[in-house]
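Structure below is query.cif: mmCIF, C-alpha atoms.
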data_protein
loop_
_atom_site.label_atom_id
_atom_site.label_comp_id
_atom_site.auth_asym_id
_atom_site.auth_seq_id
_atom_site.Cartn_x
_atom_site.Cartn_y
_atom_site.Cartn_z
CA MET A 1 18.35 9.23 -12.13
CA ASP A 2 15.11 9.05 -14.13
CA PHE A 3 14.74 5.46 -12.99
CA LEU A 4 15.12 6.54 -9.36
CA THR A 5 12.55 9.34 -9.54
CA ALA A 6 10.08 7.11 -11.38
CA ASN A 7 10.46 4.11 -9.09
CA GLY A 8 11.55 5.73 -5.83
CA PRO A 9 8.56 4.67 -3.68
CA ALA A 10 8.62 1.13 -5.06
CA LEU A 11 12.36 0.81 -4.39
CA LEU A 12 11.89 2.13 -0.85
CA PHE A 13 9.08 -0.36 -0.31
CA TYR A 14 11.18 -3.32 -1.44
CA VAL A 15 14.27 -2.27 0.55
CA PHE A 16 12.41 -1.68 3.81
CA ALA A 17 10.10 -4.69 3.37
CA ALA A 18 13.20 -6.86 2.99
CA MET A 19 14.75 -5.20 6.07
CA ALA A 20 11.59 -5.81 8.09
CA LEU A 21 11.40 -9.47 7.10
CA ILE A 22 15.10 -10.17 7.71
CA SER A 23 15.13 -8.47 11.11
CA ALA A 24 11.88 -10.29 12.05
CA LEU A 25 13.62 -13.57 11.21
CA PHE A 26 16.51 -12.53 13.46
CA VAL A 27 14.05 -11.78 16.29
CA VAL A 28 12.66 -15.31 16.28
CA THR A 29 15.94 -17.17 15.70
CA LEU A 30 18.69 -15.41 17.68
CA ARG A 31 19.60 -17.07 20.95
CA ASN A 32 20.40 -13.92 22.92
CA PRO A 33 17.24 -11.84 23.56
CA MET A 34 19.36 -8.67 23.69
CA TYR A 35 20.33 -9.11 20.03
CA GLY A 36 16.71 -10.05 19.34
CA ALA A 37 15.57 -6.75 20.84
CA ILE A 38 17.96 -4.79 18.60
CA ALA A 39 16.64 -6.70 15.56
CA LEU A 40 13.10 -5.90 16.71
CA LEU A 41 14.03 -2.21 16.81
CA ALA A 42 15.27 -2.43 13.20
CA CYS A 43 11.98 -4.09 12.27
CA PHE A 44 9.93 -1.31 13.93
CA LEU A 45 11.92 1.39 12.11
CA SER A 46 11.43 -0.28 8.72
CA ILE A 47 7.71 -0.59 9.37
CA ALA A 48 7.59 3.12 10.23
CA VAL A 49 9.02 3.86 6.76
CA LEU A 50 6.38 1.59 5.21
CA PHE A 51 3.72 3.61 7.07
CA LEU A 52 5.14 6.80 5.56
CA LEU A 53 4.82 5.33 2.07
CA ARG A 54 1.08 4.77 2.68
CA HIS A 55 0.39 8.34 3.73
CA ALA A 56 0.22 7.61 7.47
CA GLU A 57 2.73 10.19 8.69
CA PHE A 58 1.19 10.54 12.15
CA LEU A 59 1.28 6.79 12.72
CA ALA A 60 4.87 6.58 11.49
CA VAL A 61 5.93 9.02 14.20
CA VAL A 62 3.76 7.26 16.80
CA GLN A 63 5.44 4.01 15.78
CA LEU A 64 8.86 5.58 16.39
CA PHE A 65 7.87 7.04 19.78
CA VAL A 66 5.79 4.23 21.25
CA TYR A 67 7.56 1.18 19.80
CA GLY A 68 11.05 2.49 19.16
CA GLY A 69 11.08 4.50 22.36
CA GLY A 70 8.69 3.12 24.97
CA ILE A 71 8.22 -0.58 24.37
CA MET A 72 11.86 -1.06 23.33
CA VAL A 73 13.17 0.48 26.56
CA LEU A 74 10.73 -1.69 28.55
CA PHE A 75 12.08 -4.82 26.84
CA LEU A 76 15.72 -3.80 27.30
CA PHE A 77 15.18 -3.08 31.03
CA VAL A 78 13.54 -6.44 31.62
CA ILE A 79 16.24 -8.29 29.66
CA MET A 80 18.84 -6.58 31.85
CA LEU A 81 16.87 -7.41 35.03
CA VAL A 82 16.69 -11.14 34.39
CA ASN A 83 19.75 -13.32 34.43
CA LEU A 84 20.95 -14.11 30.92
CA HIS A 85 23.66 -16.60 31.84
CA GLN A 86 21.36 -19.58 32.14
CA LEU A 87 19.91 -18.87 28.71
CA ARG A 88 23.14 -19.71 27.00
CA GLU A 89 23.23 -23.45 27.52
CA SER A 90 19.49 -24.09 27.38
CA LYS A 91 17.74 -25.13 24.19
CA ARG A 92 16.12 -22.41 22.12
CA PHE A 93 13.05 -24.18 20.72
CA THR A 94 10.24 -26.24 22.22
CA PRO A 95 10.12 -29.98 21.45
CA THR A 96 7.03 -29.46 19.30
CA ALA A 97 8.75 -26.80 17.17
CA PRO A 98 8.77 -28.77 13.84
CA VAL A 99 5.00 -29.25 13.96
CA ALA A 100 4.40 -25.58 14.76
CA LEU A 101 6.81 -24.56 11.99
CA MET A 102 4.97 -26.71 9.43
CA VAL A 103 1.57 -25.35 10.49
CA ALA A 104 2.76 -21.74 10.23
CA LEU A 105 4.43 -22.34 6.85
CA ALA A 106 1.30 -24.04 5.47
CA LEU A 107 -0.76 -21.08 6.68
CA ALA A 108 1.69 -18.63 5.06
CA VAL A 109 1.66 -20.44 1.70
CA LEU A 110 -2.14 -20.67 1.77
CA PHE A 111 -2.74 -17.02 2.54
CA VAL A 112 -0.04 -15.57 0.29
CA SER A 113 -1.33 -17.59 -2.68
CA LEU A 114 -4.84 -16.43 -1.77
CA PHE A 115 -3.72 -12.78 -1.82
CA LEU A 116 -2.02 -13.29 -5.17
CA VAL A 117 -5.05 -15.00 -6.73
CA VAL A 118 -7.71 -12.64 -5.44
CA SER A 119 -7.17 -9.34 -7.21
CA VAL A 120 -7.63 -6.29 -5.01
CA SER A 121 -9.08 -3.38 -6.94
CA PRO A 122 -6.48 -0.73 -7.76
CA VAL A 123 -5.77 1.96 -5.21
CA THR A 124 -8.12 4.93 -5.35
CA ALA A 125 -6.30 7.67 -7.23
CA ASP A 126 -7.61 10.29 -4.84
CA THR A 127 -6.24 9.74 -1.33
CA SER A 128 -6.86 13.29 -0.17
CA ALA A 129 -9.37 12.14 2.48
CA LEU A 130 -6.33 11.08 4.53
CA VAL A 131 -5.20 14.71 4.89
CA MET A 132 -8.51 16.56 4.85
CA VAL A 133 -10.85 17.96 7.49
CA ASP A 134 -14.21 19.32 6.30
CA GLY A 135 -12.99 19.67 2.73
CA GLU A 136 -9.86 21.59 3.70
CA ILE A 137 -6.38 20.15 3.32
CA VAL A 138 -4.64 20.28 6.72
CA GLY A 139 -2.26 17.33 6.94
CA ASN A 140 -2.43 13.80 8.22
CA SER A 141 -1.89 14.44 11.96
CA GLU A 142 -4.70 16.94 12.16
CA ALA A 143 -7.05 14.73 10.14
CA VAL A 144 -6.38 11.77 12.45
CA ALA A 145 -6.85 14.01 15.50
CA TRP A 146 -10.22 15.26 14.25
CA SER A 147 -11.39 11.75 13.50
CA LEU A 148 -10.13 10.50 16.87
CA PHE A 149 -11.72 13.23 18.95
CA ARG A 150 -14.99 13.54 17.01
CA GLU A 151 -16.14 10.19 15.63
CA TYR A 152 -14.12 7.92 17.92
CA LEU A 153 -14.21 9.84 21.19
CA LEU A 154 -15.82 7.05 23.23
CA PRO A 155 -13.38 4.34 22.05
CA PHE A 156 -10.55 6.79 22.75
CA GLU A 157 -11.71 7.27 26.36
CA ILE A 158 -12.11 3.50 26.78
CA VAL A 159 -8.54 3.03 25.57
CA SER A 160 -7.31 5.53 28.16
CA LEU A 161 -9.17 3.53 30.84
CA PHE A 162 -7.58 0.37 29.45
CA LEU A 163 -4.12 1.92 29.75
CA LEU A 164 -4.85 2.83 33.39
CA VAL A 165 -5.92 -0.77 34.09
CA ALA A 166 -2.79 -2.08 32.36
CA MET A 167 -0.61 0.26 34.42
CA VAL A 168 -2.20 -0.82 37.71
CA GLY A 169 -1.89 -4.45 36.61
CA ALA A 170 1.79 -4.04 35.77
CA VAL A 171 2.46 -2.37 39.15
CA VAL A 172 0.63 -5.15 41.03
CA LEU A 173 2.44 -7.88 39.08
CA GLY A 174 5.84 -6.27 39.47
CA ARG A 175 5.53 -5.61 43.21
CA ARG A 176 7.77 -7.59 45.57
CA THR A 177 5.59 -9.85 47.73
CA MET B 1 6.29 -0.11 -10.73
CA GLU B 2 3.22 0.47 -8.66
CA ILE B 3 3.05 -0.74 -5.06
CA THR B 4 -0.42 -2.15 -4.58
CA THR B 5 -2.34 -3.20 -1.51
CA THR B 6 -1.50 -6.81 -2.40
CA HIS B 7 2.20 -6.08 -1.81
CA TYR B 8 1.35 -4.86 1.67
CA LEU B 9 -0.96 -7.83 2.33
CA VAL B 10 1.75 -10.33 1.39
CA LEU B 11 4.40 -8.54 3.46
CA SER B 12 2.11 -8.25 6.46
CA PHE B 13 1.12 -11.91 6.32
CA LEU B 14 4.78 -12.98 6.05
CA LEU B 15 5.56 -10.88 9.13
CA PHE B 16 2.53 -12.41 10.86
CA SER B 17 3.76 -15.93 10.05
CA ILE B 18 7.26 -15.18 11.35
CA GLY B 19 5.74 -13.82 14.56
CA LEU B 20 3.47 -16.88 14.85
CA ILE B 21 6.48 -19.19 14.44
CA GLY B 22 8.25 -17.26 17.20
CA ILE B 23 5.25 -17.53 19.54
CA LEU B 24 4.78 -21.25 18.93
CA THR B 25 8.36 -22.47 18.92
CA ARG B 26 10.50 -20.38 21.28
CA ARG B 27 11.02 -21.41 24.90
CA ASN B 28 12.20 -18.03 26.17
CA MET B 29 9.28 -15.84 27.27
CA ILE B 30 11.06 -12.58 26.31
CA THR B 31 11.30 -13.72 22.70
CA VAL B 32 7.67 -14.87 22.74
CA LEU B 33 6.58 -11.38 23.86
CA MET B 34 8.70 -9.79 21.11
CA SER B 35 7.04 -12.10 18.57
CA ILE B 36 3.62 -10.94 19.79
CA GLU B 37 4.74 -7.36 19.06
CA LEU B 38 5.69 -8.48 15.53
CA VAL B 39 2.21 -9.92 15.00
CA LEU B 40 0.51 -6.73 16.22
CA ASN B 41 2.74 -4.68 13.90
CA SER B 42 1.76 -6.78 10.91
CA VAL B 43 -1.91 -6.11 11.74
CA ASN B 44 -1.16 -2.37 11.77
CA LEU B 45 0.47 -2.66 8.36
CA ASN B 46 -2.73 -4.25 7.04
CA LEU B 47 -4.96 -1.57 8.54
CA ILE B 48 -2.87 1.19 7.00
CA ALA B 49 -2.72 -0.47 3.59
CA PHE B 50 -6.51 -0.66 3.49
CA SER B 51 -6.86 2.85 4.85
CA TYR B 52 -4.85 4.04 1.83
CA GLN B 53 -6.73 1.73 -0.54
CA PHE B 54 -10.14 3.16 0.32
CA SER B 55 -8.92 6.68 1.25
CA GLU B 56 -10.55 6.32 4.65
CA LEU B 57 -9.09 7.49 7.98
CA THR B 58 -10.79 4.83 10.13
CA GLY B 59 -7.98 2.35 9.48
CA GLN B 60 -5.38 4.77 10.84
CA VAL B 61 -7.49 5.52 13.93
CA PHE B 62 -7.82 1.79 14.57
CA ALA B 63 -4.05 1.42 14.22
CA VAL B 64 -3.67 4.02 17.00
CA PHE B 65 -5.87 1.84 19.22
CA THR B 66 -3.86 -1.26 18.29
CA ILE B 67 -0.65 0.48 19.32
CA ALA B 68 -2.21 1.44 22.68
CA VAL B 69 -3.31 -2.17 23.26
CA ALA B 70 0.18 -3.40 22.29
CA ALA B 71 1.75 -1.04 24.83
CA GLY B 72 -0.56 -2.31 27.60
CA GLU B 73 0.07 -5.90 26.59
CA ALA B 74 3.84 -5.39 26.70
CA ALA B 75 3.67 -3.81 30.18
CA VAL B 76 1.51 -6.58 31.67
CA GLY B 77 3.39 -9.34 29.82
CA LEU B 78 6.75 -8.12 31.10
CA GLY B 79 5.24 -7.89 34.63
CA ILE B 80 4.21 -11.55 34.37
CA LEU B 81 7.69 -12.36 33.03
CA LEU B 82 9.32 -10.77 36.09
CA GLY B 83 6.94 -12.73 38.35
CA LEU B 84 7.87 -15.97 36.58
CA PHE B 85 11.56 -15.13 36.90
CA ARG B 86 11.21 -14.43 40.63
CA LEU B 87 9.29 -17.67 41.19
CA ARG B 88 11.43 -20.04 39.07
CA GLY B 89 14.73 -18.26 38.48
CA THR B 90 14.33 -18.76 34.73
CA THR B 91 12.38 -17.19 31.87
CA ASN B 92 11.70 -20.48 30.08
CA LEU B 93 8.00 -20.96 29.50
CA ASP B 94 8.09 -24.73 30.09
CA SER B 95 9.18 -24.09 33.69
CA ALA B 96 5.60 -22.98 34.39
CA MET B 97 3.96 -26.40 34.60
CA GLU B 98 1.55 -25.99 37.52
CA LEU B 99 -1.48 -26.55 35.29
CA GLN B 100 0.17 -29.65 33.71
CA GLY B 101 0.24 -27.89 30.32
#
Please, can you express the file's structure as structure tokens?
Amino acid sequence: MDFLTANGPALLFYVFAAMALISALFVVTLRNPMYGAIALLACFLSIAVLFLLRHAEFLAVVQLFVYGGGIMVLFLFVIMLVNLHQLRESKRFTPTAPVALMVALALAVLFVSLFLVVSVSPVTADTSALVMVDGEIVGNSEAVAWSLFREYLLPFEIVSLFLLVAMVGAVVLGRRT
Amino acid sequence: MEITTTHYLVLSFLLFSIGLIGILTRRNMITVLMSIELVLNSVNLNLIAFSYQFSELTGQVFAVFTIAVAAGEAAVGLGILLGLFRLRGTTNLDSAMELQG
């Protein structure tokens, strides 16, 4: 029990990191996109837990709503709209897959060894800025909201315009001609 | 055991590599779009790890923007996918060869 209380966050990190990696591997290897979508959902949920462990509670919930709810339903609808029968006998990977695989693996080895060699300075002991507004502790959601609507108001409005453009684009693309 | 930013960097780059492999090697466009979502998620993981590292909210605000962009990308990408399916009757990317790619 002492071991669990001392190492709880680390254990959670390892369990959910492993879950995220395994389900990501399922996403890229499974033949049926429906199973891939379910694996993707598992990956999103594990990443939401990893957000929680880094004091990003608001983003963890946004991850659940937007990815787990919105984007997932979009994917499932489209998978059900297109015909899955012809996927079964066709080949899964492109002819150039081995080359692409080698390039990606080389990149992964390079960067991971780089991260392990370069030492990042230890985490700041005081992470209270993530939950504070004007020197008062209010919680992560409120702190993000203040930052979003005060310092980043213009980017926020531009993003809302971008979402409108994306919506119009999706309607135009999806229309029957 | 202390979980450092390096742990998060390694995990996020592994996720990025898996997503990259999916984008580069799969023929089915649905799976390619799902791999793009994986890549965007790994970027979010990085932003949040550094936001915690420096005790700075900007990383989390940027992650909100990334999620919005990912949602728009998914909507438009799936619209293109439906157009491809209507035109060709398949979702395989190598059926779109008009530009001799």
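Using only C-alpha atoms, the part of chain B that sits within 6 Å of chain A is made up of Ile3, Val10, Ser17, Ile21, Gly22, Thr25, Arg26, Arg27, Gln53, Ser55, Leu57, Gly72, Ala75, Val76 and Gly79 of chain B.
Here the question is which of B:Ala68, B:Leu9, B:Leu84, B:Ala96 gets nearest to A:Leu161 using all atoms listed in the file, and that residue is B:Ala68.
Between atom CA of B:Ser12 and atom CA of B:Glu73 the interatomic distance comes to 20.4 Å.
Using all atoms listed in the file, the nearest neighbour of B:Ala71 within the list A:Leu153, A:Val133, A:Val138, A:Val73 is A:Val73.
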Contacts of B:Leu40 at 12 Å (all atoms listed in the file; same-chain gap of 2+ positions) as an NGL selection string: (:A and (44 or 47 or 63 or 67)) or (:B and (12-13 or 15-20 or 33-38 or 42-47 or 63-71 or 73-74))
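Minimum atom-to-atom distances from B:Thr4, B:Leu93, B:Arg88, B:Glu56 to B:Ile30 were compared using all atoms listed in the file, and the lowest value belongs to B:Leu93.
Picture a line from atom CA of B:Ile23 to atom CA of B:Phe85; it runs 18.6 Å.
Taking atom CA of A:Val15 and atom CA of B:Glu2 as endpoints, the distance between them is 14.6 Å.
Checking A:Asp134, A:Ser141, A:Glu157, A:Arg150 one by one against A:Ala60, counting all atoms listed in the file, you find the shortest gap at A:Ser141.
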